[in-house]
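Okay, protein-v8.pdb is below, PDB, C-alpha atoms, pLDDT in the B column:
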MODEL        1
ATOM      1  CA  MET R 158      76.574 114.878  88.513  1.00 70.00           C
ATOM      2  CA  LEU R 159      77.347 111.805  90.623  1.00 72.00           C
ATOM      3  CA  LYS R 160      77.388 109.691  87.481  1.00 72.00           C
ATOM      4  CA  ARG R 161      80.056 111.944  85.924  1.00 70.00           C
ATOM      5  CA  VAL R 162      82.235 111.542  89.021  1.00 68.00           C
ATOM      6  CA  PHE R 163      82.187 107.752  88.958  1.00 73.00           C
ATOM      7  CA  VAL R 164      81.823 107.148  85.222  1.00 76.00           C
ATOM      8  CA  ALA R 165      84.436 109.409  83.648  1.00 74.00           C
ATOM      9  CA  PRO R 166      85.457 108.739  80.048  1.00 79.00           C
ATOM     10  CA  ASP R 167      88.530 106.536  79.816  1.00 77.00           C
ATOM     11  CA  PRO R 168      89.327 105.775  76.157  1.00 79.00           C
ATOM     12  CA  GLY R 169      91.242 102.531  75.914  1.00 76.00           C
ATOM     13  CA  ARG R 170      90.938 102.198  79.701  1.00 80.00           C
ATOM     14  CA  VAL R 171      94.369 103.786  80.032  1.00 82.00           C
ATOM     15  CA  ARG R 172      93.621 105.420  83.390  1.00 84.00           C
ATOM     16  CA  LEU R 173      92.160 102.190  84.751  1.00 85.00           C
ATOM     17  CA  ARG R 174      95.255 100.228  83.694  1.00 87.00           C
ATOM     18  CA  PHE R 175      97.545 102.920  85.112  1.00 88.00           C
ATOM     19  CA  ALA R 176      95.724 102.865  88.453  1.00 90.00           C
ATOM     20  CA  ALA R 177      95.583  99.068  88.614  1.00 92.00           C
ATOM     21  CA  ARG R 178      99.305  98.821  87.886  1.00 93.00           C
ATOM     22  CA  ALA R 179     100.027 101.390  90.605  1.00 94.00           C
ATOM     23  CA  VAL R 180      97.943  99.570  93.211  1.00 95.00           C
ATOM     24  CA  LEU R 181      99.597  96.276  92.308  1.00 96.00           C
ATOM     25  CA  GLY R 182     103.115  97.762  92.392  1.00 96.00           C
ATOM     26  CA  ILE R 183     102.657  99.613  95.671  1.00 96.00           C
ATOM     27  CA  GLY R 184     100.986  96.604  97.278  1.00 96.00           C
ATOM     28  CA  LEU R 185     103.804  94.331  96.145  1.00 97.00           C
ATOM     29  CA  ALA R 186     106.427  96.750  97.479  1.00 97.00           C
ATOM     30  CA  VAL R 187     104.783  96.943 100.900  1.00 97.00           C
ATOM     31  CA  VAL R 188     104.384  93.145 101.063  1.00 97.00           C
ATOM     32  CA  VAL R 189     108.047  92.652 100.084  1.00 97.00           C
ATOM     33  CA  CYS R 190     109.130  95.126 102.775  1.00 96.00           C
ATOM     34  CA  GLY R 191     106.975  93.306 105.308  1.00 95.00           C
ATOM     35  CA  LEU R 192     108.408  89.925 104.328  1.00 97.00           C
ATOM     36  CA  ALA R 193     111.907  91.387 104.663  1.00 96.00           C
ATOM     37  CA  GLY R 194     111.063  92.199 108.282  1.00 95.00           C
ATOM     38  CA  HIS R 195     111.052  95.972 107.950  1.00 96.00           C
ATOM     39  CA  SER R 196     109.393  98.158 110.539  1.00 94.00           C
ATOM     40  CA  LEU R 197     106.365 100.321 109.802  1.00 94.00           C
ATOM     41  CA  THR R 198     108.725 103.206 109.002  1.00 93.00           C
ATOM     42  CA  GLY R 199     110.521 101.044 106.431  1.00 95.00           C
ATOM     43  CA  ALA R 200     107.278  99.798 104.904  1.00 95.00           C
ATOM     44  CA  VAL R 201     105.865 103.331 104.609  1.00 95.00           C
ATOM     45  CA  THR R 202     109.104 104.611 103.077  1.00 96.00           C
ATOM     46  CA  GLY R 203     109.118 101.696 100.655  1.00 96.00           C
ATOM     47  CA  GLY R 204     105.472 102.204  99.745  1.00 96.00           C
ATOM     48  CA  LEU R 205     106.116 105.864  99.001  1.00 96.00           C
ATOM     49  CA  ALA R 206     109.175 104.975  96.907  1.00 97.00           C
ATOM     50  CA  ALA R 207     107.075 102.543  94.859  1.00 97.00           C
ATOM     51  CA  LEU R 208     104.289 105.095  94.477  1.00 97.00           C
ATOM     52  CA  LEU R 209     106.738 107.679  93.181  1.00 96.00           C
ATOM     53  CA  ALA R 210     108.438 105.178  90.892  1.00 96.00           C
ATOM     54  CA  LEU R 211     105.074 104.365  89.333  1.00 96.00           C
ATOM     55  CA  PHE R 212     103.458 107.806  89.235  1.00 94.00           C
ATOM     56  CA  THR R 213     106.243 110.292  88.545  1.00 94.00           C
ATOM     57  CA  VAL R 214     108.264 108.451  85.901  1.00 95.00           C
ATOM     58  CA  ALA R 215     106.775 109.756  82.655  1.00 92.00           C
ATOM     59  CA  ASP R 216     109.443 109.466  79.969  1.00 93.00           C
ATOM     60  CA  ALA R 217     108.129 109.069  76.427  1.00 89.00           C
ATOM     61  CA  THR R 218     109.753 105.669  75.826  1.00 90.00           C
ATOM     62  CA  VAL R 219     109.831 102.479  77.859  1.00 91.00           C
ATOM     63  CA  ARG R 220     113.644 102.580  77.737  1.00 93.00           C
ATOM     64  CA  GLY R 221     113.638 106.147  79.086  1.00 94.00           C
ATOM     65  CA  GLN R 222     111.291 105.089  81.860  1.00 94.00           C
ATOM     66  CA  ALA R 223     113.651 102.247  82.774  1.00 95.00           C
ATOM     67  CA  VAL R 224     116.645 104.600  82.938  1.00 96.00           C
ATOM     68  CA  THR R 225     114.761 107.103  85.104  1.00 97.00           C
ATOM     69  CA  THR R 226     113.535 104.336  87.403  1.00 97.00           C
ATOM     70  CA  ALA R 227     117.110 103.047  87.783  1.00 97.00           C
ATOM     71  CA  LEU R 228     118.292 106.556  88.714  1.00 97.00           C
ATOM     72  CA  LEU R 229     115.710 107.062  91.476  1.00 97.00           C
ATOM     73  CA  PRO R 230     117.767 105.400  94.262  1.00 97.00           C
ATOM     74  CA  ALA R 231     120.882 107.332  93.197  1.00 97.00           C
ATOM     75  CA  VAL R 232     118.994 110.535  93.990  1.00 96.00           C
ATOM     76  CA  GLY R 233     116.882 109.301  96.894  1.00 96.00           C
ATOM     77  CA  LEU R 234     119.408 107.486  99.073  1.00 97.00           C
ATOM     78  CA  PRO R 235     121.798 110.436  99.660  1.00 97.00           C
ATOM     79  CA  VAL R 236     118.835 112.701 100.393  1.00 96.00           C
ATOM     80  CA  LEU R 237     117.452 110.101 102.794  1.00 96.00           C
ATOM     81  CA  ALA R 238     120.814 109.991 104.579  1.00 96.00           C
ATOM     82  CA  ALA R 239     120.957 113.774 104.850  1.00 96.00           C
ATOM     83  CA  ALA R 240     117.422 113.936 106.230  1.00 96.00           C
ATOM     84  CA  ALA R 241     118.101 111.269 108.850  1.00 95.00           C
ATOM     85  CA  GLU R 242     121.486 112.678 109.897  1.00 95.00           C
ATOM     86  CA  LEU R 243     120.148 116.235 110.222  1.00 95.00           C
ATOM     87  CA  HIS R 244     116.889 115.347 111.945  1.00 91.00           C
ATOM     88  CA  ASP R 245     118.040 116.738 115.301  1.00 91.00           C
ATOM     89  CA  VAL R 246     119.678 119.871 113.838  1.00 94.00           C
ATOM     90  CA  PRO R 247     116.681 122.014 112.798  1.00 92.00           C
ATOM     91  CA  VAL R 248     118.488 124.941 111.164  1.00 95.00           C
ATOM     92  CA  ALA R 249     120.800 122.778 109.058  1.00 95.00           C
ATOM     93  CA  ARG R 250     117.925 120.400 108.267  1.00 94.00           C
ATOM     94  CA  ASP R 251     115.743 123.241 107.032  1.00 94.00           C
ATOM     95  CA  LEU R 252     118.535 124.731 104.928  1.00 96.00           C
ATOM     96  CA  VAL R 253     119.272 121.372 103.320  1.00 96.00           C
ATOM     97  CA  PHE R 254     115.551 120.855 102.727  1.00 96.00           C
ATOM     98  CA  LEU R 255     115.376 124.203 100.929  1.00 96.00           C
ATOM     99  CA  ALA R 256     118.412 123.215  98.862  1.00 96.00           C
ATOM    100  CA  VAL R 257     116.741 119.909  97.919  1.00 96.00           C
ATOM    101  CA  VAL R 258     113.561 121.755  96.933  1.00 95.00           C
ATOM    102  CA  GLY R 259     115.572 124.236  94.862  1.00 96.00           C
ATOM    103  CA  ALA R 260     117.532 121.469  93.175  1.00 95.00           C
ATOM    104  CA  GLY R 261     114.310 119.586  92.469  1.00 93.00           C
ATOM    105  CA  VAL R 262     112.733 122.617  90.832  1.00 94.00           C
ATOM    106  CA  HIS R 263     115.922 123.305  88.883  1.00 95.00           C
ATOM    107  CA  ALA R 264     116.021 119.683  87.672  1.00 94.00           C
ATOM    108  CA  ARG R 265     112.712 120.201  85.852  1.00 93.00           C
ATOM    109  CA  ARG R 266     114.625 121.944  83.083  1.00 94.00           C
ATOM    110  CA  TRP R 267     115.817 118.489  81.968  1.00 93.00           C
ATOM    111  CA  GLY R 268     112.298 117.349  81.139  1.00 94.00           C
ATOM    112  CA  PRO R 269     110.356 114.411  82.536  1.00 95.00           C
ATOM    113  CA  ARG R 270     113.460 112.685  83.913  1.00 96.00           C
ATOM    114  CA  GLY R 271     114.579 115.760  85.845  1.00 96.00           C
ATOM    115  CA  HIS R 272     111.049 116.289  87.127  1.00 96.00           C
ATOM    116  CA  SER R 273     110.808 112.666  88.343  1.00 96.00           C
ATOM    117  CA  LEU R 274     114.170 112.769  90.068  1.00 97.00           C
ATOM    118  CA  GLY R 275     113.416 116.144  91.677  1.00 96.00           C
ATOM    119  CA  VAL R 276     110.078 114.959  93.047  1.00 96.00           C
ATOM    120  CA  PHE R 277     111.675 111.737  94.296  1.00 97.00           C
ATOM    121  CA  ALA R 278     114.406 113.667  96.132  1.00 97.00           C
ATOM    122  CA  PHE R 279     111.913 116.076  97.692  1.00 96.00           C
ATOM    123  CA  MET R 280     109.513 113.348  98.819  1.00 96.00           C
ATOM    124  CA  THR R 281     112.317 111.168 100.180  1.00 96.00           C
ATOM    125  CA  PHE R 282     113.538 114.027 102.360  1.00 96.00           C
ATOM    126  CA  PHE R 283     109.986 114.835 103.413  1.00 95.00           C
ATOM    127  CA  VAL R 284     109.039 111.278 104.381  1.00 95.00           C
ATOM    128  CA  ALA R 285     112.249 110.861 106.390  1.00 94.00           C
ATOM    129  CA  GLN R 286     111.401 113.982 108.366  1.00 93.00           C
ATOM    130  CA  PHE R 287     107.731 113.072 108.702  1.00 94.00           C
ATOM    131  CA  LEU R 288     108.559 109.607 110.050  1.00 93.00           C
ATOM    132  CA  HIS R 289     111.362 110.941 112.300  1.00 93.00           C
ATOM    133  CA  ALA R 290     113.929 108.690 110.645  1.00 93.00           C
ATOM    134  CA  ALA R 291     117.094 108.310 112.707  1.00 93.00           C
ATOM    135  CA  PRO R 292     120.587 107.506 111.419  1.00 94.00           C
ATOM    136  CA  GLY R 293     120.353 104.017 112.933  1.00 94.00           C
ATOM    137  CA  GLN R 294     117.413 103.251 110.638  1.00 95.00           C
ATOM    138  CA  LEU R 295     119.280 104.097 107.431  1.00 95.00           C
ATOM    139  CA  PRO R 296     120.234 100.508 106.454  1.00 96.00           C
ATOM    140  CA  GLU R 297     116.594  99.431 106.762  1.00 96.00           C
ATOM    141  CA  LEU R 298     115.345 102.500 104.869  1.00 96.00           C
ATOM    142  CA  TYR R 299     117.931 102.003 102.109  1.00 97.00           C
ATOM    143  CA  ALA R 300     116.832  98.390 101.736  1.00 97.00           C
ATOM    144  CA  ALA R 301     113.162  99.425 101.725  1.00 97.00           C
ATOM    145  CA  VAL R 302     113.726 101.995  98.960  1.00 97.00           C
ATOM    146  CA  LEU R 303     115.764  99.572  96.845  1.00 97.00           C
ATOM    147  CA  LEU R 304     113.313  96.684  97.286  1.00 97.00           C
ATOM    148  CA  SER R 305     110.364  98.926  96.526  1.00 97.00           C
ATOM    149  CA  VAL R 306     111.854 100.488  93.410  1.00 97.00           C
ATOM    150  CA  LEU R 307     112.731  96.975  92.201  1.00 97.00           C
ATOM    151  CA  SER R 308     109.198  95.778  92.955  1.00 97.00           C
ATOM    152  CA  ALA R 309     107.670  98.739  91.146  1.00 96.00           C
ATOM    153  CA  ALA R 310     110.011  98.158  88.198  1.00 96.00           C
ATOM    154  CA  ALA R 311     109.085  94.463  88.066  1.00 95.00           C
ATOM    155  CA  VAL R 312     105.411  95.376  87.834  1.00 95.00           C
ATOM    156  CA  ARG R 313     105.927  98.296  85.445  1.00 94.00           C
ATOM    157  CA  PHE R 314     108.294  96.623  82.985  1.00 93.00           C
ATOM    158  CA  GLY R 315     107.592  92.949  83.468  1.00 90.00           C
ATOM    159  CA  LEU R 316     104.124  92.129  84.651  1.00 86.00           C
ATOM    160  CA  TRP R 317     102.172  95.148  83.415  1.00 83.00           C
ATOM    161  CA  CYS R 318     103.973  97.047  80.655  1.00 81.00           C
ATOM    162  CA  TYR R 319     101.074  98.392  78.630  1.00 77.00           C
ATOM    163  CA  GLU R 320     103.100 101.305  77.216  1.00 76.00           C
ATOM    164  CA  ARG R 321     104.517  98.973  74.548  1.00 74.00           C
ATOM    165  CA  ARG R 322     101.045  98.605  73.038  1.00 73.00           C
ATOM    166  CA  LEU R 323     100.161 102.310  73.056  1.00 67.00           C
ATOM    167  CA  PRO R 324     100.849 104.685  70.178  1.00 64.00           C
ATOM    168  CA  PRO R 325     103.657 107.175  70.883  1.00 58.00           C
ATOM    169  CA  PRO R 326     102.505 110.456  72.434  1.00 55.00           C
TER
ENDMDL
END
Rewrite the structure of this file - the entire thing - as structure tokens.
Amino acid sequence: MLKRVFVAPDPGRVRLRFAARAVLGIGLAVVVCGLAGHSLTGAVTGGLAALLALFTVADATVRGQAVTTALLPAVGLPVLAAAAELHDVPVARDLVFLAVVGAGVHARRWGPRGHSLGVFAFMTFFVAQFLHAAPGQLPELYAAVLLSVLSAAAVRFGLWCYERRLPPP
């Protein structure tokens, strides 16, 4: 049984390449945030943004993946602002969180892109609340999200774009 856990079938080593690309992209994003002088909160937010950019974007084409990746900050930054601004107002914060969750679930009707954007919005709100993000930290958190999505995109589409060599699903 132990052998099956550690030696699972991986035809074409697709899962291995996917995981290696994710580790490289997330690591690069965290290093870039660190070099930019971001706090631990910024680095964690950036790492999560890179993780989501690499794991949730699942469009069928490389072009579709690029469009979805480019849209992630457009969804995440306003949600991040709302989460930080409402941190000290529990009732309003919880209502907005429920609205974000509802919108994220509703967005799934638009396929993989809607699903990716909905998950990104939900997780951005969640991480801001989890890390007790304050309005004064928003410029740093915005920069961390943007740098991390760019880092993840550089790895996904530049350094390690193995989707181009795979047959279409």
Handout entry: Distance of atom CA of R:Phe175 from atom CA of R:Ala193, expressed in Å to one decimal place
Key =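 For atom CA of R:Ala193 relative to atom CA of R:Phe175, the distance reads 26.9 Å.
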Problem - Result set of the PyMOL selection byres ((chain R and resi 242) around 12) on the coordinates above, as a PyMOL selection string - result: chain R and resi 235-241+243-247+249-250+253+282+285-286+289-295
Dump C-alpha atoms for the selected residues as a PDB file, in the coordinates of the input?
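Below is the file part.pdb, written as the result:
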ATOM      1  CA  PRO R 235     121.798 110.436  99.660  1.00 97.00           C
ATOM      2  CA  VAL R 236     118.835 112.701 100.393  1.00 96.00           C
ATOM      3  CA  LEU R 237     117.452 110.101 102.794  1.00 96.00           C
ATOM      4  CA  ALA R 238     120.814 109.991 104.579  1.00 96.00           C
ATOM      5  CA  ALA R 239     120.957 113.774 104.850  1.00 96.00           C
ATOM      6  CA  ALA R 240     117.422 113.936 106.230  1.00 96.00           C
ATOM      7  CA  ALA R 241     118.101 111.269 108.850  1.00 95.00           C
ATOM      8  CA  LEU R 243     120.148 116.235 110.222  1.00 95.00           C
ATOM      9  CA  HIS R 244     116.889 115.347 111.945  1.00 91.00           C
ATOM     10  CA  ASP R 245     118.040 116.738 115.301  1.00 91.00           C
ATOM     11  CA  VAL R 246     119.678 119.871 113.838  1.00 94.00           C
ATOM     12  CA  PRO R 247     116.681 122.014 112.798  1.00 92.00           C
ATOM     13  CA  ALA R 249     120.800 122.778 109.058  1.00 95.00           C
ATOM     14  CA  ARG R 250     117.925 120.400 108.267  1.00 94.00           C
ATOM     15  CA  VAL R 253     119.272 121.372 103.320  1.00 96.00           C
ATOM     16  CA  PHE R 282     113.538 114.027 102.360  1.00 96.00           C
ATOM     17  CA  ALA R 285     112.249 110.861 106.390  1.00 94.00           C
ATOM     18  CA  GLN R 286     111.401 113.982 108.366  1.00 93.00           C
ATOM     19  CA  HIS R 289     111.362 110.941 112.300  1.00 93.00           C
ATOM     20  CA  ALA R 290     113.929 108.690 110.645  1.00 93.00           C
ATOM     21  CA  ALA R 291     117.094 108.310 112.707  1.00 93.00           C
ATOM     22  CA  PRO R 292     120.587 107.506 111.419  1.00 94.00           C
ATOM     23  CA  GLY R 293     120.353 104.017 112.933  1.00 94.00           C
ATOM     24  CA  GLN R 294     117.413 103.251 110.638  1.00 95.00           C
ATOM     25  CA  LEU R 295     119.280 104.097 107.431  1.00 95.00           C
TER      26      LEU R 295
END
Exercise for the section: Kindly indicate which residue among R:Phe277, R:Phe254, R:Phe163, R:Tyr319 lies nearest to R:Ala177, using all atoms listed in the file for the distances. Expected result: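 Nearest candidate to R:Ala177 out of R:Phe277, R:Phe254, R:Phe163, R:Tyr319: R:Tyr319.
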Handout entry: Residue among R:Ala223, R:Val258, R:Val187, R:Ala231 lying closest to R:Met280, counting all atoms listed in the file
Key =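 That would be R:Val258, the residue with the smallest distance to R:Met280.
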Exercise for the section: Starting from the displayed file, determine the output of the PyMOL selection byres ((chain R and resi 178-185) around 8) and express the residue list as a list in words. Expected result: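 Residues picked by the PyMOL selection byres ((chain R and resi 178-185) around 8): Arg174, Phe175, Ala176, Ala177, Ala186, Val187, Val188, Val189, Gly204, Leu205, Ala207, Leu208, Leu211, Phe212, Ser305, Ser308, Ala309, Val312, Arg313 and Trp317 of chain R.
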Taking C-alpha atoms for each residue, export the selection above as a PDB file, keeping the file's coordinate frame.
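Listed below is the output, out05.pdb:
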ATOM      1  CA  ARG R 174      95.255 100.228  83.694  1.00 87.00           C
ATOM      2  CA  PHE R 175      97.545 102.920  85.112  1.00 88.00           C
ATOM      3  CA  ALA R 176      95.724 102.865  88.453  1.00 90.00           C
ATOM      4  CA  ALA R 177      95.583  99.068  88.614  1.00 92.00           C
ATOM      5  CA  ALA R 186     106.427  96.750  97.479  1.00 97.00           C
ATOM      6  CA  VAL R 187     104.783  96.943 100.900  1.00 97.00           C
ATOM      7  CA  VAL R 188     104.384  93.145 101.063  1.00 97.00           C
ATOM      8  CA  VAL R 189     108.047  92.652 100.084  1.00 97.00           C
ATOM      9  CA  GLY R 204     105.472 102.204  99.745  1.00 96.00           C
ATOM     10  CA  LEU R 205     106.116 105.864  99.001  1.00 96.00           C
ATOM     11  CA  ALA R 207     107.075 102.543  94.859  1.00 97.00           C
ATOM     12  CA  LEU R 208     104.289 105.095  94.477  1.00 97.00           C
ATOM     13  CA  LEU R 211     105.074 104.365  89.333  1.00 96.00           C
ATOM     14  CA  PHE R 212     103.458 107.806  89.235  1.00 94.00           C
ATOM     15  CA  SER R 305     110.364  98.926  96.526  1.00 97.00           C
ATOM     16  CA  SER R 308     109.198  95.778  92.955  1.00 97.00           C
ATOM     17  CA  ALA R 309     107.670  98.739  91.146  1.00 96.00           C
ATOM     18  CA  VAL R 312     105.411  95.376  87.834  1.00 95.00           C
ATOM     19  CA  ARG R 313     105.927  98.296  85.445  1.00 94.00           C
ATOM     20  CA  TRP R 317     102.172  95.148  83.415  1.00 83.00           C
TER      21      TRP R 317
END
Handout entry: Point-to-point distance from atom CA of R:Arg172 to atom CA of R:Val214, Å rounded to tenths
Key =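 That distance, rounded to one decimal, is 15.2 Å.
Our summary of the geometry notes that atom CA of R:Arg270 is positioned 15.7 Å from atom CA of R:Ala206.
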Practice task
May I have the residues within 8 Å of stretch 263-269 of chain R as a PyMOL selection string, using all atoms listed in the file and disregarding those fewer than 6 positions away in the same chain?
Solution key: chain R and resi 214-216+275
